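The block underneath contains the structure these notes are about, expressed in structure tokens.
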Amino acid sequence: MTDAASTHMAPLEAHWGGGAAPFGATWQKTMMWIFIVTDGLLFSGLLSGYGFLRQAAGVWPHQSQVFSIPFIALMTFILITSSMTMGTAVTAARLGDRRKALHNLLFTIVGGAAFLSCQAYEWSHFIHEGARLNHNPWGVPQFAASFFVLTGFHGSHVFSGLVILIITAIRWAMGKTPAQGVEMAGLYWHFVDLVWVFIFTLFYLL
Amino acid sequence: METTGNPYRVYRVTWVILLIITVAMLLAEKFHLPHIFLVLFLCAFMMVKATMIAGNFMHLRFERRNLAVMVAAGILLTSLTLFAFITPESHHVRKLSAPPELPTATEGAHEK
């Protein structure tokens, strides 16, 4: 390697050669972000698959004739509101306001439980109308399959997020979780909200 | 992170903007826009919402730029590449699954 090249590489190596934090974040936060990227790619694959199926089918039922869009809007409102309370909990935890952090964690848990209840109601209603993975009354088999796979994967993420939040709230109340623990739980919860933004638009509105 | 002023204000403001955008998206269909404009409108607002959630709720705009670029480019570029490669294939599948065209009466007579 020439002198010029080695001079150029020196700061790069100091930055990425280990023992440093190239992203300016703790390893926990860096790993959480890497997990979020990989999980985001899972949903990216699912949504691309849905786009493929929809285009290949040619015809597609109009969503407003199948779903209650105001009800889906209510679910969106619940999830966005729970993200707001989660953000408040993270900041309160960082500032050392334990009471405010706990209250907002509990609000978030209530929001998550309400969202899951709405989703369970929507699924039961959809199944009651005759929707199955391989057929449905609206004539395009891929329609119900896309619905079950997309909302099912998202719902499973909401459920696991809810479990993480309950554990975090209990540990936070006992003083066993640092502020960073609340922040990690918050990152995951916001990711769940982020995914819903795409599902809501691409599956329910378009 | 911002330390001046009310530290919780950013979440409330973001929440209000997200709700306004969501209502605008729900009402968009009522205006009977051409389909392509409706799709562009909804996709643009979807991206604005995603950016606000990632930036303000997940604090990505307060993180180092290389972390934000890794997340945004990692997910967006992969998604766009994936979609760009499989979309043309869906048209091919649609053509294959379409019922074969029946011969017209004149063609049938010609064969006889």
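The way I read the labels, and the way they are meant: chains A, B, ... in the order of the structure tokens, residue 1 as the first residue of every chain, and ligand 1 as the first ligand shown, with later ones counted on from there.
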**OP:** Determine which residues of chain A sit within 7 Å of chain B, taking into account only C-alpha atoms, and present them as JSON, numbers by chain.
**Re:** {"A": [23, 24, 37, 40, 41, 44, 48, 52, 55, 56, 57, 58, 80, 81, 84, 87, 88, 187, 190, 194, 197, 198, 201, 206]}
Selection from above, N, CA and C atoms, as a tab-separated table (two decimals), in the first residue's frame, can you write it?
chain	number	residue	atom	x	y	z
A	23	PHE	N	-21.33	3.97	14.41
A	23	PHE	CA	-22.64	4.59	14.24
A	23	PHE	C	-22.95	5.56	15.39
A	24	GLY	N	-21.99	5.73	16.31
A	24	GLY	CA	-22.22	6.64	17.43
A	24	GLY	C	-23.31	6.16	18.35
A	37	VAL	N	-33.77	-3.54	10.35
A	37	VAL	CA	-33.55	-3.56	8.89
A	37	VAL	C	-33.89	-4.94	8.33
A	40	GLY	N	-37.52	-5.47	8.48
A	40	GLY	CA	-38.12	-4.62	7.45
A	40	GLY	C	-38.03	-5.29	6.09
A	41	LEU	N	-36.93	-6.00	5.85
A	41	LEU	CA	-36.78	-6.69	4.56
A	41	LEU	C	-37.78	-7.84	4.44
A	44	SER	N	-40.83	-6.18	3.42
A	44	SER	CA	-40.62	-5.72	2.05
A	44	SER	C	-40.87	-6.86	1.06
A	48	SER	N	-43.92	-7.00	-1.59
A	48	SER	CA	-43.60	-7.20	-3.01
A	48	SER	C	-44.36	-8.41	-3.55
A	52	PHE	N	-47.04	-8.51	-6.55
A	52	PHE	CA	-46.94	-9.47	-7.66
A	52	PHE	C	-48.27	-10.19	-7.86
A	55	GLN	N	-51.01	-7.87	-9.27
A	55	GLN	CA	-50.86	-7.56	-10.70
A	55	GLN	C	-51.10	-8.78	-11.56
A	56	ALA	N	-50.66	-9.94	-11.07
A	56	ALA	CA	-50.86	-11.17	-11.84
A	56	ALA	C	-52.33	-11.54	-11.92
A	57	ALA	N	-53.08	-11.21	-10.85
A	57	ALA	CA	-54.51	-11.55	-10.83
A	57	ALA	C	-55.31	-10.72	-11.83
A	58	GLY	N	-54.85	-9.51	-12.09
A	58	GLY	CA	-55.56	-8.65	-13.04
A	58	GLY	C	-56.71	-7.91	-12.41
A	80	ILE	N	-51.08	4.75	15.99
A	80	ILE	CA	-50.32	6.01	15.96
A	80	ILE	C	-50.29	6.63	17.36
A	81	THR	N	-51.43	6.56	18.06
A	81	THR	CA	-51.49	7.13	19.41
A	81	THR	C	-50.57	6.35	20.36
A	84	MET	N	-47.12	7.52	19.97
A	84	MET	CA	-46.89	8.80	20.64
A	84	MET	C	-46.62	8.58	22.13
A	87	GLY	N	-43.14	7.06	22.58
A	87	GLY	CA	-42.08	8.06	22.46
A	87	GLY	C	-41.96	8.88	23.73
A	88	THR	N	-43.10	9.22	24.31
A	88	THR	CA	-43.11	9.98	25.56
A	88	THR	C	-42.47	9.15	26.68
A	187	LEU	N	-38.14	1.29	20.16
A	187	LEU	CA	-37.74	1.16	18.74
A	187	LEU	C	-38.55	0.07	18.05
A	190	HIS	N	-42.23	1.23	17.54
A	190	HIS	CA	-42.37	2.20	16.44
A	190	HIS	C	-42.22	1.50	15.08
A	194	LEU	N	-44.60	1.60	11.94
A	194	LEU	CA	-44.07	1.94	10.61
A	194	LEU	C	-44.55	0.94	9.55
A	197	VAL	N	-48.12	1.50	8.49
A	197	VAL	CA	-48.31	2.60	7.53
A	197	VAL	C	-48.30	2.06	6.10
A	198	PHE	N	-47.40	1.13	5.82
A	198	PHE	CA	-47.30	0.56	4.46
A	198	PHE	C	-48.46	-0.39	4.18
A	201	THR	N	-51.74	1.61	3.65
A	201	THR	CA	-51.83	2.29	2.35
A	201	THR	C	-51.91	1.30	1.20
A	206	LEU	N	-55.10	1.43	-1.56
A	206	LEU	CA	-54.84	1.44	-3.01
A	206	LEU	C	-55.71	0.44	-3.76
**OP:** Please provide the set of residues having any atom within 9 Å of stretch 65-71 of chain A, restricted to only C-alpha atoms, with same-chain residues fewer than 2 positions apart removed, written as JSON, numbers by chain.
**Re:** {"A": [61, 62, 63, 73, 74, 75, 76, 118, 122, 126, 138, 204, 205], "B": [26]}
Output file for the residues above (all heavy atoms, as a compact mmCIF listing (two decimals), in the first residue's frame):
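The result, written out as result_31.txt:
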# COMPACT_ATOMS: atom_id res chain seq x y z
N PRO A 61 -60.72 -7.26 -5.75
CA PRO A 61 -61.92 -6.69 -5.12
C PRO A 61 -61.64 -5.29 -4.58
O PRO A 61 -60.53 -5.01 -4.12
CB PRO A 61 -62.23 -7.65 -3.97
CG PRO A 61 -61.46 -8.88 -4.26
CD PRO A 61 -60.28 -8.49 -5.07
N HIS A 62 -62.66 -4.43 -4.63
CA HIS A 62 -62.49 -3.09 -4.07
C HIS A 62 -62.57 -3.21 -2.55
O HIS A 62 -63.57 -3.70 -2.01
CB HIS A 62 -63.57 -2.15 -4.60
CG HIS A 62 -63.17 -0.72 -4.46
ND1 HIS A 62 -63.32 -0.04 -3.28
CD2 HIS A 62 -62.61 0.16 -5.34
CE1 HIS A 62 -62.86 1.19 -3.43
NE2 HIS A 62 -62.43 1.34 -4.67
N GLN A 63 -61.52 -2.71 -1.89
CA GLN A 63 -61.41 -2.94 -0.44
C GLN A 63 -62.58 -2.38 0.35
O GLN A 63 -63.01 -2.98 1.34
CB GLN A 63 -60.10 -2.34 0.09
CG GLN A 63 -58.86 -3.05 -0.41
CD GLN A 63 -58.31 -2.44 -1.67
OE1 GLN A 63 -59.05 -1.92 -2.49
NE2 GLN A 63 -57.00 -2.52 -1.86
N ALA A 73 -59.38 2.66 9.91
CA ALA A 73 -58.85 3.98 10.30
C ALA A 73 -58.75 4.08 11.82
O ALA A 73 -57.79 4.66 12.34
CB ALA A 73 -59.75 5.08 9.75
N LEU A 74 -59.74 3.51 12.51
CA LEU A 74 -59.69 3.50 13.98
C LEU A 74 -58.47 2.71 14.47
O LEU A 74 -57.76 3.14 15.39
CB LEU A 74 -60.98 2.88 14.54
CG LEU A 74 -61.01 2.64 16.05
CD1 LEU A 74 -61.11 3.97 16.80
CD2 LEU A 74 -62.18 1.74 16.44
N MET A 75 -58.20 1.57 13.84
CA MET A 75 -57.02 0.77 14.20
C MET A 75 -55.75 1.58 13.99
O MET A 75 -54.82 1.55 14.80
CB MET A 75 -56.98 -0.51 13.36
CG MET A 75 -58.04 -1.52 13.73
SD MET A 75 -58.16 -2.87 12.53
CE MET A 75 -56.63 -3.75 12.81
N THR A 76 -55.71 2.34 12.87
CA THR A 76 -54.54 3.17 12.57
C THR A 76 -54.39 4.25 13.64
O THR A 76 -53.27 4.51 14.12
CB THR A 76 -54.71 3.82 11.18
OG1 THR A 76 -54.99 2.79 10.24
CG2 THR A 76 -53.48 4.58 10.75
N CYS A 118 -59.03 -5.34 17.93
CA CYS A 118 -59.66 -4.92 16.67
C CYS A 118 -59.28 -5.89 15.54
O CYS A 118 -60.12 -6.25 14.71
CB CYS A 118 -59.22 -3.50 16.29
SG CYS A 118 -59.90 -2.22 17.33
N GLU A 122 -61.67 -8.19 13.28
CA GLU A 122 -61.65 -8.11 11.81
C GLU A 122 -61.44 -9.49 11.18
O GLU A 122 -62.12 -9.86 10.22
CB GLU A 122 -60.53 -7.15 11.37
CG GLU A 122 -60.60 -6.77 9.91
CD GLU A 122 -59.30 -6.20 9.40
OE1 GLU A 122 -58.28 -6.26 10.10
OE2 GLU A 122 -59.31 -5.69 8.27
N PHE A 126 -64.08 -11.53 8.89
CA PHE A 126 -63.66 -11.91 7.53
C PHE A 126 -63.83 -13.42 7.31
O PHE A 126 -64.32 -13.86 6.26
CB PHE A 126 -62.19 -11.50 7.37
CG PHE A 126 -61.72 -11.38 5.95
CD1 PHE A 126 -62.36 -10.55 5.04
CD2 PHE A 126 -60.59 -12.07 5.52
CE1 PHE A 126 -61.91 -10.42 3.75
CE2 PHE A 126 -60.13 -11.94 4.23
CZ PHE A 126 -60.79 -11.12 3.34
N TRP A 138 -65.18 -13.36 -2.87
CA TRP A 138 -64.96 -12.24 -3.79
C TRP A 138 -64.27 -12.65 -5.10
O TRP A 138 -63.90 -11.78 -5.89
CB TRP A 138 -64.20 -11.12 -3.09
CG TRP A 138 -64.95 -10.66 -1.89
CD1 TRP A 138 -66.02 -9.82 -1.87
CD2 TRP A 138 -64.74 -11.07 -0.54
NE1 TRP A 138 -66.48 -9.67 -0.59
CE2 TRP A 138 -65.73 -10.42 0.25
CE3 TRP A 138 -63.83 -11.92 0.10
CZ2 TRP A 138 -65.82 -10.61 1.63
CZ3 TRP A 138 -63.93 -12.10 1.47
CH2 TRP A 138 -64.90 -11.45 2.21
N TYR A 204 -55.08 -1.61 2.09
CA TYR A 204 -56.45 -1.16 2.37
C TYR A 204 -56.90 0.04 1.52
O TYR A 204 -58.09 0.21 1.28
CB TYR A 204 -56.61 -0.78 3.84
CG TYR A 204 -56.58 -1.97 4.78
CD1 TYR A 204 -55.46 -2.25 5.54
CD2 TYR A 204 -57.69 -2.79 4.91
CE1 TYR A 204 -55.43 -3.32 6.41
CE2 TYR A 204 -57.68 -3.87 5.77
CZ TYR A 204 -56.55 -4.14 6.51
OH TYR A 204 -56.52 -5.20 7.37
N LEU A 205 -55.96 0.89 1.12
CA LEU A 205 -56.38 2.11 0.41
C LEU A 205 -56.19 2.05 -1.10
O LEU A 205 -57.00 2.59 -1.84
CB LEU A 205 -55.64 3.33 0.97
CG LEU A 205 -55.93 3.71 2.43
CD1 LEU A 205 -55.21 4.99 2.79
CD2 LEU A 205 -57.43 3.88 2.66
N LEU B 26 -57.58 9.10 3.67
CA LEU B 26 -58.90 8.46 3.65
C LEU B 26 -59.88 9.23 2.77
O LEU B 26 -60.76 8.63 2.13
CB LEU B 26 -59.46 8.37 5.07
CG LEU B 26 -58.78 7.34 5.98
CD1 LEU B 26 -59.15 7.57 7.44
CD2 LEU B 26 -59.16 5.92 5.57
Original post:
Taking into account only C-alpha atoms, which residue in the set A:Val163, A:Ala114, A:Met184, A:Val195 is nearest to A:Trp27?
Top reply: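 Ranking A:Val163, A:Ala114, A:Met184, A:Val195 by distance to A:Trp27, first place goes to A:Met184.
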**OP:** Find the distance between atom CA of A:Gly161 and atom CA of A:Gln142 and write it in Å to one decimal.
**Re:**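 We find that atom CA of A:Gly161 and atom CA of A:Gln142 lie 28.1 Å from each other.
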**OP:** Would you work out the distance separating atom CA of A:Leu102 from atom CA of A:Ala173, expressed in Å to one decimal?
**Re:**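 We find that atom CA of A:Leu102 and atom CA of A:Ala173 lie 6.8 Å from each other.
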Original post:
Which parts of stretch 60-198 of chain A does DSSP call helix (DSSP H, G or I) when run on the backbone here, written out as a ChimeraX atom specification?
Top reply: /A:63-66,69-94,98-128,141-173,179-198
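Contact shell of A:Asn136 at 12 Å (only C-alpha atoms; same-chain neighbours under 2 positions omitted): Pro61, Val66, Phe126, Ile127, His128, Glu129, Gly130, Ala131, Arg132, Leu133, Asn134, Trp138, Gly139, Val140, Pro141, Gln142, Phe143, Ala144, Ala145, Ser146, Phe147 and Phe148 of chain A.
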Could those residues be written to a file, using C-alpha atoms, as a PDB file, in the first residue's frame?
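Result file out-v2.pdb:
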ATOM      1  CA  PRO A  61     -61.923  -6.687  -5.122  1.00  0.00           C
ATOM      2  CA  VAL A  66     -65.028  -5.905   1.704  1.00  0.00           C
ATOM      3  CA  PHE A 126     -63.657 -11.908   7.531  1.00  0.00           C
ATOM      4  CA  ILE A 127     -63.597 -15.659   8.231  1.00  0.00           C
ATOM      5  CA  HIS A 128     -67.310 -15.602   9.086  1.00  0.00           C
ATOM      6  CA  GLU A 129     -67.988 -14.118   5.630  1.00  0.00           C
ATOM      7  CA  GLY A 130     -66.327 -17.170   4.071  1.00  0.00           C
ATOM      8  CA  ALA A 131     -62.720 -16.046   3.554  1.00  0.00           C
ATOM      9  CA  ARG A 132     -60.112 -18.817   3.673  1.00  0.00           C
ATOM     10  CA  LEU A 133     -56.452 -19.011   2.621  1.00  0.00           C
ATOM     11  CA  ASN A 134     -57.284 -20.661  -0.701  1.00  0.00           C
ATOM     12  CA  TRP A 138     -64.965 -12.240  -3.791  1.00  0.00           C
ATOM     13  CA  GLY A 139     -63.597 -14.456  -6.555  1.00  0.00           C
ATOM     14  CA  VAL A 140     -59.847 -13.794  -6.349  1.00  0.00           C
ATOM     15  CA  PRO A 141     -58.234 -16.488  -4.143  1.00  0.00           C
ATOM     16  CA  GLN A 142     -55.042 -14.438  -3.695  1.00  0.00           C
ATOM     17  CA  PHE A 143     -57.022 -11.633  -2.058  1.00  0.00           C
ATOM     18  CA  ALA A 144     -57.793 -13.459   1.185  1.00  0.00           C
ATOM     19  CA  ALA A 145     -54.371 -15.161   1.207  1.00  0.00           C
ATOM     20  CA  SER A 146     -52.662 -11.752   0.961  1.00  0.00           C
ATOM     21  CA  PHE A 147     -54.859 -10.410   3.740  1.00  0.00           C
ATOM     22  CA  PHE A 148     -54.155 -13.290   6.108  1.00  0.00           C
TER      23      PHE A 148
END
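We find atom CA of A:Val182 and atom CA of A:Ala21 to be spaced 21.0 Å apart.
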If we count only C-alpha atoms, what is near A:Thr91 at a cut-off of 9 Å, once residues fewer than 4 positions away on the same chain are taken out, given as a PDB file with C-alpha atoms, in the first residue's frame?
ATOM      1  CA  MET A  86     -44.244   5.145  23.603  1.00  0.00           C
ATOM      2  CA  GLY A  87     -42.080   8.057  22.456  1.00  0.00           C
ATOM      3  CA  LEU A  95     -34.939  12.165  31.809  1.00  0.00           C
ATOM      4  CA  GLY A  96     -35.389  10.003  34.906  1.00  0.00           C
ATOM      5  CA  ASP A  97     -39.130  10.639  35.285  1.00  0.00           C
ATOM      6  CA  ALA A 101     -42.391   6.643  31.841  1.00  0.00           C
ATOM      7  CA  ALA A 179     -33.681   3.759  30.338  1.00  0.00           C
ATOM      8  CA  GLU A 183     -35.679   2.781  24.362  1.00  0.00           C
TER       9      GLU A 183
ATOM     10  CA  PRO B   7     -39.037  17.475  25.282  1.00  0.00           C
ATOM     11  CA  TYR B   8     -42.406  15.793  24.704  1.00  0.00           C
TER      12      TYR B   8
END
